[in-house]
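Listing of run34.pdb, PDB, C-alpha atoms
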MODEL        1
ATOM      1  CA  MET E 106       0.000   0.000   0.000
ATOM      2  CA  ASN E 107       2.800   2.363   0.856
ATOM      3  CA  LYS E 108       4.613   1.469  -2.376
ATOM      4  CA  PHE E 109       1.436   2.228  -4.346
ATOM      5  CA  LYS E 110       1.063   5.636  -2.697
ATOM      6  CA  LYS E 111       4.695   6.482  -3.412
ATOM      7  CA  SER E 112       4.284   5.468  -7.084
ATOM      8  CA  VAL E 113       1.197   7.672  -7.426
ATOM      9  CA  ILE E 114       3.003  10.643  -5.853
ATOM     10  CA  VAL E 115       6.044  10.251  -8.123
ATOM     11  CA  TYR E 116       3.876   9.802 -11.210
ATOM     12  CA  SER E 117       1.803  12.872 -10.340
ATOM     13  CA  PHE E 118       4.971  14.904  -9.839
ATOM     14  CA  PHE E 119       6.298  14.063 -13.306
ATOM     15  CA  LEU E 120       2.926  14.858 -14.888
ATOM     16  CA  ALA E 121       2.888  18.274 -13.192
ATOM     17  CA  LEU E 122       6.470  18.927 -14.273
ATOM     18  CA  ALA E 123       5.625  18.035 -17.867
ATOM     19  CA  ALA E 124       2.599  20.364 -17.802
ATOM     20  CA  VAL E 125       4.698  23.235 -16.478
ATOM     21  CA  THR E 126       7.293  22.588 -19.176
ATOM     22  CA  VAL E 127       4.690  22.605 -21.952
ATOM     23  CA  TRP E 128       3.072  25.778 -20.529
ATOM     24  CA  GLY E 129       6.466  27.451 -20.300
ATOM     25  CA  GLU E 130       7.243  26.578 -23.931
ATOM     26  CA  SER E 131       3.831  27.922 -24.986
ATOM     27  CA  VAL E 132       4.339  31.241 -23.151
ATOM     28  CA  SER E 133       7.861  31.533 -24.539
ATOM     29  CA  TRP E 134       6.604  30.880 -28.076
ATOM     30  CA  LYS E 135       3.799  33.452 -27.758
ATOM     31  CA  ARG E 136       6.170  36.009 -26.239
ATOM     32  CA  SER E 137       8.798  35.513 -28.915
ATOM     33  CA  ARG E 138       6.137  35.850 -31.625
ATOM     34  CA  ALA E 139       4.964  39.143 -30.073
ATOM     35  CA  LEU E 140       8.549  40.413 -29.895
ATOM     36  CA  ARG E 141       9.112  39.327 -33.472
ATOM     37  CA  ASN E 142       5.954  41.174 -34.582
ATOM     38  CA  ASP E 143       7.058  44.338 -32.740
ATOM     39  CA  ALA E 144      10.476  44.126 -34.305
ATOM     40  CA  GLU E 145       8.963  43.661 -37.767
ATOM     41  CA  LYS E 146       6.638  46.610 -37.177
ATOM     42  CA  ARG E 147       9.541  48.802 -36.072
ATOM     43  CA  MET E 148      11.527  47.742 -39.123
ATOM     44  CA  GLN E 149       8.522  48.532 -41.313
ATOM     45  CA  ILE E 150       8.237  52.009 -39.791
ATOM     46  CA  TYR E 151      11.985  52.576 -40.061
ATOM     47  CA  ASP E 152      12.108  51.358 -43.683
ATOM     48  CA  GLN E 153       9.494  53.939 -44.691
ATOM     49  CA  GLU E 154      11.402  56.909 -43.268
ATOM     50  CA  SER E 155      13.082  59.383 -45.598
ATOM     51  CA  TYR E 156      15.704  61.916 -44.515
ATOM     52  CA  PHE E 157      16.434  65.250 -46.224
ATOM     53  CA  GLN E 158      18.608  68.292 -45.597
ATOM     54  CA  GLY E 159      17.858  71.906 -46.501
ATOM     55  CA  VAL E 160      14.259  71.398 -47.636
ATOM     56  CA  SER E 161      11.179  73.485 -48.476
ATOM     57  CA  PHE E 162       7.761  71.962 -47.817
ATOM     58  CA  TYR E 163       4.452  73.182 -49.266
ATOM     59  CA  LYS E 164       0.891  72.133 -48.395
ATOM     60  CA  VAL E 165      -1.987  73.148 -50.701
ATOM     61  CA  ARG E 166      -5.729  72.476 -50.400
ATOM     62  CA  ASN E 167      -8.257  73.333 -53.123
ATOM     63  CA  GLN E 168      -5.580  75.378 -54.920
ATOM     64  CA  LYS E 169      -5.079  77.482 -51.773
ATOM     65  CA  LYS E 170      -1.791  77.750 -49.918
ATOM     66  CA  ILE E 171      -2.066  76.224 -46.427
ATOM     67  CA  LEU E 172       1.517  75.919 -45.242
ATOM     68  CA  HIS E 173       5.039  76.741 -46.397
ATOM     69  CA  LEU E 174       7.910  75.406 -44.319
ATOM     70  CA  ASP E 175      11.691  75.653 -44.651
ATOM     71  CA  SER E 176      13.861  73.397 -42.497
ATOM     72  CA  THR E 177      17.553  72.515 -42.117
ATOM     73  CA  GLU E 178      16.608  68.845 -41.680
ATOM     74  CA  LEU E 179      13.458  66.860 -42.427
ATOM     75  CA  THR E 180      12.444  63.277 -41.652
ATOM     76  CA  VAL E 181       9.265  61.995 -43.342
ATOM     77  CA  ASN E 182       7.601  58.710 -42.416
ATOM     78  CA  SER E 183       5.043  57.549 -44.960
ATOM     79  CA  PHE E 184       3.862  54.728 -42.640
ATOM     80  CA  THR E 185       2.895  56.955 -39.661
ATOM     81  CA  GLY E 186       2.178  60.099 -41.671
ATOM     82  CA  LYS E 187       4.409  62.120 -39.350
ATOM     83  CA  SER E 188       7.232  64.457 -40.270
ATOM     84  CA  LEU E 189       9.975  65.870 -38.053
ATOM     85  CA  PHE E 190      11.564  69.267 -38.782
ATOM     86  CA  VAL E 191      14.738  70.792 -37.361
ATOM     87  CA  GLU E 192      14.815  74.605 -37.086
ATOM     88  CA  PRO E 193      11.577  75.078 -39.039
ATOM     89  CA  ARG E 194      10.524  78.496 -40.280
ATOM     90  CA  GLY E 195       7.947  79.588 -42.796
ATOM     91  CA  VAL E 196       4.385  80.810 -43.302
ATOM     92  CA  ALA E 197       0.968  79.344 -42.447
ATOM     93  CA  TYR E 198      -2.117  80.717 -44.213
ATOM     94  CA  THR E 199      -5.600  81.087 -42.714
ATOM     95  CA  GLU E 200      -8.823  80.551 -44.674
ATOM     96  CA  SER E 201      -8.887  84.286 -45.399
ATOM     97  CA  ALA E 202      -5.315  84.077 -46.748
ATOM     98  CA  GLN E 203      -3.904  85.844 -43.680
ATOM     99  CA  ALA E 204      -0.202  85.021 -43.354
ATOM    100  CA  ILE E 205       1.265  83.755 -40.069
ATOM    101  CA  GLN E 206       5.059  83.728 -40.018
ATOM    102  CA  TYR E 207       6.647  81.268 -37.594
ATOM    103  CA  GLN E 208       9.942  79.805 -36.437
ATOM    104  CA  ALA E 209      11.123  77.288 -33.807
ATOM    105  CA  LYS E 210      13.948  74.905 -32.948
ATOM    106  CA  LYS E 211      11.901  71.782 -33.665
ATOM    107  CA  GLY E 212       8.605  70.887 -35.283
ATOM    108  CA  PHE E 213       6.279  67.993 -36.131
ATOM    109  CA  LEU E 214       3.688  67.684 -38.879
ATOM    110  CA  ILE E 215       0.924  65.117 -38.279
ATOM    111  CA  GLN E 216      -0.983  64.985 -41.550
ATOM    112  CA  LYS E 217      -3.843  62.730 -40.362
ATOM    113  CA  GLU E 218      -4.704  65.211 -37.615
ATOM    114  CA  ASN E 219      -4.032  68.251 -39.813
ATOM    115  CA  LYS E 220      -1.801  69.900 -37.211
ATOM    116  CA  VAL E 221       1.740  71.171 -36.801
ATOM    117  CA  ILE E 222       3.528  71.174 -33.434
ATOM    118  CA  PHE E 223       6.409  73.562 -32.749
ATOM    119  CA  GLU E 224       8.738  73.332 -29.738
ATOM    120  CA  ASN E 225      11.547  75.367 -28.151
ATOM    121  CA  GLN E 226      11.791  79.137 -28.710
ATOM    122  CA  VAL E 227       8.611  79.259 -30.771
ATOM    123  CA  LYS E 228       7.784  82.592 -32.374
ATOM    124  CA  PHE E 229       4.688  83.491 -34.420
ATOM    125  CA  ASN E 230       4.298  86.815 -36.252
ATOM    126  CA  LEU E 231       0.926  87.974 -37.505
ATOM    127  CA  ASP E 232      -0.072  91.239 -39.125
ATOM    128  CA  LYS E 233      -0.716  93.052 -35.842
ATOM    129  CA  SER E 234       0.439  90.615 -33.180
ATOM    130  CA  LEU E 235       3.394  88.593 -31.920
ATOM    131  CA  LEU E 236       3.309  85.257 -30.073
ATOM    132  CA  LYS E 237       6.106  83.495 -28.166
ATOM    133  CA  ALA E 238       5.884  80.226 -26.201
ATOM    134  CA  ASP E 239       7.687  76.989 -25.319
ATOM    135  CA  LYS E 240       5.268  74.893 -27.383
ATOM    136  CA  VAL E 241       2.718  75.889 -30.015
ATOM    137  CA  THR E 242       0.260  73.631 -31.843
ATOM    138  CA  TYR E 243      -1.388  74.954 -35.000
ATOM    139  CA  PHE E 244      -4.585  73.154 -36.068
ATOM    140  CA  MET E 245      -4.814  73.949 -39.757
ATOM    141  CA  ASN E 246      -8.429  72.804 -40.301
ATOM    142  CA  LYS E 247      -9.746  74.823 -37.312
ATOM    143  CA  GLU E 248      -7.316  77.755 -37.697
ATOM    144  CA  GLU E 249      -6.664  77.469 -33.972
ATOM    145  CA  ILE E 250      -3.358  78.055 -32.192
ATOM    146  CA  VAL E 251      -2.755  76.462 -28.777
ATOM    147  CA  SER E 252       0.282  77.765 -26.855
ATOM    148  CA  LEU E 253       1.857  76.273 -23.733
ATOM    149  CA  GLY E 254       4.610  77.395 -21.365
ATOM    150  CA  ASN E 255       5.881  80.959 -20.886
ATOM    151  CA  VAL E 256       3.274  82.347 -23.278
ATOM    152  CA  TYR E 257       3.762  85.969 -24.342
ATOM    153  CA  THR E 258       1.735  87.976 -26.843
ATOM    154  CA  LEU E 259       1.874  91.535 -28.117
ATOM    155  CA  SER E 260      -1.236  92.783 -29.918
ATOM    156  CA  ARG E 261      -2.360  96.095 -31.388
ATOM    157  CA  SER E 262      -5.961  97.221 -31.248
ATOM    158  CA  GLU E 263      -7.857  98.131 -34.412
ATOM    159  CA  ASP E 264      -9.041 101.463 -33.021
ATOM    160  CA  LYS E 265      -7.544 104.086 -35.369
ATOM    161  CA  LEU E 266      -8.464 107.011 -33.117
ATOM    162  CA  SER E 267      -6.850 105.576 -30.011
ATOM    163  CA  PRO E 268      -4.632 102.579 -30.856
ATOM    164  CA  GLU E 269      -3.244 100.558 -27.963
ATOM    165  CA  LYS E 270      -0.589  97.904 -27.450
ATOM    166  CA  ILE E 271      -1.650  94.954 -25.308
ATOM    167  CA  GLU E 272       1.034  92.746 -23.771
ATOM    168  CA  VAL E 273      -0.057  89.519 -22.074
ATOM    169  CA  TRP E 274       1.807  86.752 -20.207
ATOM    170  CA  SER E 275       0.196  83.422 -19.241
ATOM    171  CA  LYS E 276       0.720  79.672 -18.842
ATOM    172  CA  LYS E 277      -1.586  78.707 -21.711
ATOM    173  CA  ALA E 278      -3.368  80.457 -24.563
ATOM    174  CA  TYR E 279      -5.845  79.754 -27.362
ATOM    175  CA  SER E 280      -5.780  82.030 -30.408
ATOM    176  CA  TRP E 281      -7.977  82.332 -33.488
ATOM    177  CA  PRO E 282      -6.127  84.736 -35.853
ATOM    178  CA  SER E 283      -8.889  85.017 -38.452
ATOM    179  CA  LEU E 284     -11.393  85.956 -35.694
ATOM    180  CA  ASN E 285      -9.041  88.360 -33.870
ATOM    181  CA  LYS E 286      -9.798  86.548 -30.604
ATOM    182  CA  SER E 287      -7.603  85.033 -27.872
ATOM    183  CA  THR E 288      -8.136  83.323 -24.519
ATOM    184  CA  TYR E 289      -5.422  83.175 -21.849
ATOM    185  CA  ILE E 290      -5.416  80.783 -18.884
ATOM    186  CA  GLY E 291      -3.259  80.462 -15.776
ATOM    187  CA  LYS E 292      -1.850  83.379 -13.767
ATOM    188  CA  VAL E 293      -2.492  85.830 -16.580
ATOM    189  CA  ARG E 294      -0.987  89.302 -16.359
ATOM    190  CA  GLY E 295      -0.955  92.092 -18.883
ATOM    191  CA  ILE E 296      -0.457  95.749 -19.588
ATOM    192  CA  ILE E 297      -2.259  98.126 -21.946
ATOM    193  CA  LYS E 298       0.033 100.818 -23.328
ATOM    194  CA  ARG E 299      -1.153 103.953 -25.066
ATOM    195  CA  LYS E 300       0.484 105.299 -28.212
ATOM    196  CA  LYS E 301       1.084 108.714 -26.639
ATOM    197  CA  VAL E 302       3.710 108.676 -23.909
ATOM    198  CA  TYR E 303       1.826 111.003 -21.569
ATOM    199  CA  GLU E 304      -1.294 108.799 -21.574
ATOM    200  CA  GLU E 305      -1.665 106.325 -18.729
ATOM    201  CA  SER E 306      -1.044 102.601 -18.954
ATOM    202  CA  VAL E 307      -3.284 100.061 -17.216
ATOM    203  CA  LYS E 308      -2.043  96.777 -15.769
ATOM    204  CA  PHE E 309      -4.256  93.764 -15.091
ATOM    205  CA  ARG E 310      -4.081  90.266 -13.598
ATOM    206  CA  SER E 311      -6.544  87.385 -13.663
ATOM    207  CA  GLU E 312      -6.803  83.596 -13.866
ATOM    208  CA  LYS E 313      -8.513  83.824 -17.252
ATOM    209  CA  VAL E 314      -8.557  86.613 -19.837
ATOM    210  CA  GLU E 315     -10.527  86.816 -23.091
ATOM    211  CA  ILE E 316      -9.573  89.447 -25.679
ATOM    212  CA  ASP E 317     -11.725  90.332 -28.687
ATOM    213  CA  LEU E 318     -10.051  92.902 -30.936
ATOM    214  CA  ASN E 319     -13.169  93.146 -33.116
ATOM    215  CA  THR E 320     -15.274  94.554 -30.290
ATOM    216  CA  LEU E 321     -12.196  96.074 -28.563
ATOM    217  CA  LYS E 322     -13.142  94.385 -25.309
ATOM    218  CA  ILE E 323     -11.188  92.463 -22.646
ATOM    219  CA  ASP E 324     -12.931  90.138 -20.160
ATOM    220  CA  LEU E 325     -11.208  89.330 -16.856
ATOM    221  CA  ILE E 326     -12.394  86.240 -14.973
ATOM    222  CA  GLU E 327     -11.500  85.145 -11.418
ATOM    223  CA  ASN E 328      -8.982  86.778  -9.035
ATOM    224  CA  VAL E 329      -9.047  90.038 -10.970
ATOM    225  CA  GLN E 330      -6.622  92.852 -10.201
ATOM    226  CA  LEU E 331      -6.399  96.156 -12.034
ATOM    227  CA  ILE E 332      -3.606  98.709 -11.442
ATOM    228  CA  LYS E 333      -3.809 102.313 -12.601
ATOM    229  CA  GLN E 334      -0.944 104.474 -11.347
ATOM    230  CA  LEU E 335      -1.434 104.758  -7.557
ATOM    231  CA  LEU E 336      -4.735 102.860  -7.547
ATOM    232  CA  THR E 337      -5.122  99.093  -7.191
ATOM    233  CA  ALA E 338      -8.536  97.403  -7.421
ATOM    234  CA  ASN E 339      -9.466  93.734  -6.888
ATOM    235  CA  SER E 340     -12.645  91.816  -7.736
ATOM    236  CA  HIS E 341     -13.963  88.496  -9.049
ATOM    237  CA  ARG E 342     -14.791  89.698 -12.566
ATOM    238  CA  GLY E 343     -13.980  92.635 -14.810
ATOM    239  CA  GLU E 344     -14.217  94.224 -18.270
ATOM    240  CA  ILE E 345     -12.058  96.713 -20.172
ATOM    241  CA  PHE E 346     -13.512  98.694 -23.102
ATOM    242  CA  LEU E 347     -10.529  99.778 -25.201
ATOM    243  CA  GLU E 348     -12.392 102.249 -27.420
ATOM    244  CA  ASN E 349     -13.638 104.320 -24.462
ATOM    245  CA  TYR E 350     -10.307 105.701 -23.287
ATOM    246  CA  ASN E 351     -10.919 109.313 -24.390
ATOM    247  CA  LYS E 352     -14.704 109.193 -24.105
ATOM    248  CA  LYS E 353     -16.947 110.082 -21.182
ATOM    249  CA  LEU E 354     -17.833 106.425 -20.930
ATOM    250  CA  LYS E 355     -16.647 103.647 -18.661
ATOM    251  CA  TYR E 356     -13.230 102.337 -19.671
ATOM    252  CA  PHE E 357     -13.137  99.497 -17.164
ATOM    253  CA  VAL E 358     -15.714  97.862 -14.908
ATOM    254  CA  LEU E 359     -15.160  95.520 -11.957
ATOM    255  CA  TYR E 360     -17.881  93.338 -10.443
ATOM    256  CA  ASP E 361     -18.450  91.368  -7.225
ATOM    257  CA  ASP E 362     -16.659  92.101  -3.963
ATOM    258  CA  VAL E 363     -14.690  95.091  -5.228
ATOM    259  CA  LYS E 364     -11.798  96.319  -3.067
ATOM    260  CA  VAL E 365      -9.832  99.490  -3.817
ATOM    261  CA  VAL E 366      -6.588 100.745  -2.329
ATOM    262  CA  GLU E 367      -5.262 104.132  -3.448
ATOM    263  CA  LYS E 368      -2.302 106.195  -2.336
ATOM    264  CA  VAL E 369      -3.339 109.857  -2.354
ATOM    265  CA  GLU E 370      -0.470 112.355  -2.581
ATOM    266  CA  LEU E 371      -1.187 116.018  -1.756
ATOM    267  CA  GLU E 372       1.079 119.044  -2.181
ATOM    268  CA  LYS E 373       0.686 122.140  -0.032
ATOM    269  CA  ASP E 374       3.179 124.982   0.405
ATOM    270  CA  GLY E 375       5.819 122.974  -1.402
ATOM    271  CA  ARG E 376       5.407 119.996   0.902
ATOM    272  CA  VAL E 377       4.050 116.625  -0.179
ATOM    273  CA  SER E 378       1.990 114.483   2.182
ATOM    274  CA  SER E 379       0.231 111.218   1.460
ATOM    275  CA  PHE E 380      -2.311 108.824   2.929
ATOM    276  CA  GLU E 381      -3.918 105.516   1.948
ATOM    277  CA  ARG E 382      -7.565 105.465   0.950
ATOM    278  CA  ARG E 383      -9.560 102.215   0.960
ATOM    279  CA  ALA E 384     -12.937 101.604  -0.634
ATOM    280  CA  PHE E 385     -15.386  98.702  -1.039
ATOM    281  CA  GLY E 386     -18.438  97.997  -3.161
ATOM    282  CA  GLU E 387     -20.114  95.514  -5.509
ATOM    283  CA  LYS E 388     -19.391  97.431  -8.713
ATOM    284  CA  LEU E 389     -16.720  99.872  -9.861
ATOM    285  CA  GLU E 390     -16.700 101.935 -13.062
ATOM    286  CA  GLY E 391     -13.569 103.734 -14.195
ATOM    287  CA  LEU E 392     -13.617 106.765 -16.530
ATOM    288  CA  MET E 393     -10.135 107.455 -17.879
ATOM    289  CA  SER E 394     -11.082 110.768 -19.525
ATOM    290  CA  GLU E 395     -12.156 112.214 -16.165
ATOM    291  CA  ASN E 396      -9.711 110.368 -13.897
ATOM    292  CA  LYS E 397     -12.464 109.121 -11.630
ATOM    293  CA  ILE E 398     -14.041 105.907 -10.397
ATOM    294  CA  ILE E 399     -17.662 105.331  -9.415
ATOM    295  CA  LEU E 400     -18.558 102.832  -6.674
ATOM    296  CA  THR E 401     -22.062 101.365  -6.311
ATOM    297  CA  GLY E 402     -23.598  98.419  -4.488
ATOM    298  CA  TYR E 403     -23.402  99.431  -0.814
ATOM    299  CA  PRO E 404     -20.123 101.344  -1.277
ATOM    300  CA  LYS E 405     -17.982 102.343   1.677
ATOM    301  CA  VAL E 406     -14.832 104.484   1.797
ATOM    302  CA  PHE E 407     -12.254 104.770   4.579
ATOM    303  CA  GLN E 408     -10.290 108.031   4.317
ATOM    304  CA  LEU E 409      -8.108 109.174   7.215
ATOM    305  CA  LYS E 410     -10.497 109.152  10.216
ATOM    306  CA  ASP E 411     -13.663 109.297   8.116
ATOM    307  CA  VAL E 412     -15.965 106.470   7.061
ATOM    308  CA  ILE E 413     -18.188 107.393   4.114
ATOM    309  CA  THR E 414     -21.170 105.379   2.882
ATOM    310  CA  GLY E 415     -23.919 106.041   0.348
ATOM    311  CA  ASN E 416     -25.757 104.695  -2.694
ATOM    312  CA  LYS E 417     -23.075 105.960  -5.061
ATOM    313  CA  ILE E 418     -19.586 107.294  -4.269
ATOM    314  CA  VAL E 419     -17.297 109.041  -6.740
ATOM    315  CA  LEU E 420     -13.546 109.135  -6.121
ATOM    316  CA  ARG E 421     -11.245 111.322  -8.188
ATOM    317  CA  GLU E 422      -7.713 110.156  -8.709
ATOM    318  CA  ASN E 423      -5.190 111.642  -6.294
ATOM    319  CA  ASN E 424      -7.829 113.955  -4.850
ATOM    320  CA  GLU E 425      -9.143 113.939  -1.288
ATOM    321  CA  ILE E 426     -12.572 115.302  -2.293
ATOM    322  CA  ILE E 427     -15.275 112.620  -2.342
ATOM    323  CA  GLU E 428     -18.692 112.931  -4.004
ATOM    324  CA  VAL E 429     -21.505 111.048  -2.315
ATOM    325  CA  ASP E 430     -25.105 110.537  -3.445
ATOM    326  CA  ASP E 431     -27.684 109.859  -0.678
ATOM    327  CA  ALA E 432     -25.088 109.768   2.088
ATOM    328  CA  ASN E 433     -26.042 107.951   5.247
ATOM    329  CA  THR E 434     -23.292 109.464   7.378
ATOM    330  CA  SER E 435     -21.651 112.855   7.717
ATOM    331  CA  PHE E 436     -18.008 113.356   6.824
ATOM    332  CA  ILE E 437     -15.422 116.056   6.564
ATOM    333  CA  LEU E 438     -13.928 117.148   3.217
ATOM    334  CA  ARG E 439     -10.288 118.132   3.572
TER     335      ARG E 439
ENDMDL
END

What does this structure look like when you write it as structure tokens?
Amino acid sequence: MNKFKKSVIVYSFFLALAAVTVWGESVSWKRSRALRNDAEKRMQIYDQESYFQGVSFYKVRNQKKILHLDSTELTVNSFTGKSLFVEPRGVAYTESAQAIQYQAKKGFLIQKENKVIFENQVKFNLDKSLLKADKVTYFMNKEEIVSLGNVYTLSRSEDKLSPEKIEVWSKKAYSWPSLNKSTYIGKVRGIIKRKKVYEESVKFRSEKVEIDLNTLKIDLIENVQLIKQLLTANSHRGEIFLENYNKKLKYFVLYDDVKVVEKVELEKDGRVSSFERRAFGEKLEGLMSENKIILTGYPKVFQLKDVITGNKIVLRENNEIIEVDDANTSFILR
């Protein structure tokens, strides 16, 4: 009986060993076939690559120029439909035949997706704007430009009577050149510079900024800050109307939980004194032509030892005089 048990155990052991061996050979065969397929696929991709030096590339659709690209080196893969460029530079054309000049250290063309990717020291030049970024993707079919990393743009407004330069820095940006529109995202900051030196500049910050040069309007969204000389205002949302600079109309408007801090400097008998003025409200309107701001929505102003409230409060830049409509408290004008 014991001999029978031992024989069964030994026999079972050899059967299990044989099964493991067969399974191991099967796995090895499947694995080697997969590796062989990958190797053949890589060889197929590699065999269909072409390398060129000092090339010019043209893309045309319906007899319209879409893209012209010059490059010191070019690798084209007919299997993947991808092309690699070294030091590309050239011109991309919008549907309206608007030319976009570009240059970068490296670039990729993915024909199936109808897009070109540029990397490292990317620079785009349009008719009235400049774009710089670490990486820029141009979607040719949508005429959309997506920029990433250290984004910088310089644009000029279309207002002939009062042209302005708008500089913007951000982490990411979307641009539509043919529509004259751009959206900036991520710690956005910018400055609006006037053509005439003596005219004031306005700085702004926000998490998201939308610029429409057709309507000459800038929308500021979330964590908004606006700086105008000695005045700094914060809110949750804001608008800037570029065409209203020299008009008796609002140039900028801030909404929701508005906070204002202004340094007021006064000169008397050759001596200059200063104090900090703080104001709060739900809405602020700024008129550049009159150097004043209008606070509404339960406004309140703290000036020296005075606290001023009312339905509407008007503050004039660098001026201690305050205009109040329907005041609820008395105050002293200095």

Result set, the PyMOL selection byres ((chain E and resi 284) around 10) on current file, as a ChimeraX atom specification | /E:248-249,280-283,285-287,317-319

Option closest in space to Ala197 (chain E), from E:Asn230, E:Asn255, E:Gln330, E:Thr177 [counting only C-alpha atoms] =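 Ranked by minimum distance to Ala197 (chain E), first place goes to E:Asn230.
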
With the file shown as input, list the residues that the PyMOL selection byres ((chain E and resi 215) around 12) selects, as a PyMOL selection string.
-> chain E and resi 181-190+212-214+216-223+242-245

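Closest approach to Tyr289 (chain E) among E:Leu335, E:Glu315, E:Val307, E:Glu269 is made by E:Glu315 (distances from only C-alpha atoms).
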
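Residues with any atom within 9 Å of Trp274 (chain E), counting all atoms listed in the file and excluding same-chain neighbours fewer than 6 positions away, are Asn255, Val256, Tyr257, Thr258, Tyr289, Lys292, Val293, Arg294 and Gly295 of chain E.
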
Run through the PyMOL selection byres ((chain E and resi 402) around 10) on the given coordinates and return the selected residues as a list in words.
->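 Output of the PyMOL selection byres ((chain E and resi 402) around 10): Tyr360, Asp361, Asp362, Val363, Phe385, Gly386, Glu387, Lys388, Leu389, Leu400, Thr401, Tyr403, Pro404, Lys405, Gly415, Asn416, Lys417 and Ile418 of chain E.
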
Quick one: distance from CA of Ile426 (chain E) to CA of Lys301 (chain E) in Å, one decimal?
->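 Interatomic distance here is 28.7 Å.
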
What gap, in Å, lies between CA of Leu371 (chain E) and CA of Asn424 (chain E)?
-> 7.6 Å

What separation in Å, quoted to one decimal, exists between CA of Ala202 (chain E) and CA of Asn225 (chain E)?
-> 26.6 Å

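Across E:Lys170, E:Arg382, E:Arg376, E:Lys300, the tightest approach to Asn423 (chain E) is made by E:Arg382 when counting only C-alpha atoms.
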
Residues within 6 Å of Thr337 (chain E), all atoms listed in the file, excluding chain neighbours under 2 positions, as a list in words = Leu331, Ile332, Val365 and Val366 of chain E

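A cut-off of 8 Å from the point (3.4, 81.7, -33.0), with all atoms listed in the file, picks out the residues Ile205, Gln206, Tyr207, Gln208, Val227, Lys228, Phe229, Asn230, Leu235, Leu236, Lys237, Ala238, Val241, Ile250 and Ser252 of chain E.
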
Write the residues of the preceding selection, restricted to C-alpha atoms, as a PDB file, keeping the file's coordinate frame.
ATOM      1  CA  ILE E 205       1.265  83.755 -40.069  1.00  0.00           C
ATOM      2  CA  GLN E 206       5.059  83.728 -40.018  1.00  0.00           C
ATOM      3  CA  TYR E 207       6.647  81.268 -37.594  1.00  0.00           C
ATOM      4  CA  GLN E 208       9.942  79.805 -36.437  1.00  0.00           C
ATOM      5  CA  VAL E 227       8.611  79.259 -30.771  1.00  0.00           C
ATOM      6  CA  LYS E 228       7.784  82.592 -32.374  1.00  0.00           C
ATOM      7  CA  PHE E 229       4.688  83.491 -34.420  1.00  0.00           C
ATOM      8  CA  ASN E 230       4.298  86.815 -36.252  1.00  0.00           C
ATOM      9  CA  LEU E 235       3.394  88.593 -31.920  1.00  0.00           C
ATOM     10  CA  LEU E 236       3.309  85.257 -30.073  1.00  0.00           C
ATOM     11  CA  LYS E 237       6.106  83.495 -28.166  1.00  0.00           C
ATOM     12  CA  ALA E 238       5.884  80.226 -26.201  1.00  0.00           C
ATOM     13  CA  VAL E 241       2.718  75.889 -30.015  1.00  0.00           C
ATOM     14  CA  ILE E 250      -3.358  78.055 -32.192  1.00  0.00           C
ATOM     15  CA  SER E 252       0.282  77.765 -26.855  1.00  0.00           C
TER      16      SER E 252
END

What's the 9 Å shell around Phe407 (chain E), counting only C-alpha atoms, without same-chain residues fewer than 4 positions away, as number ranges by chain?
-> E: 381-385, 411-413
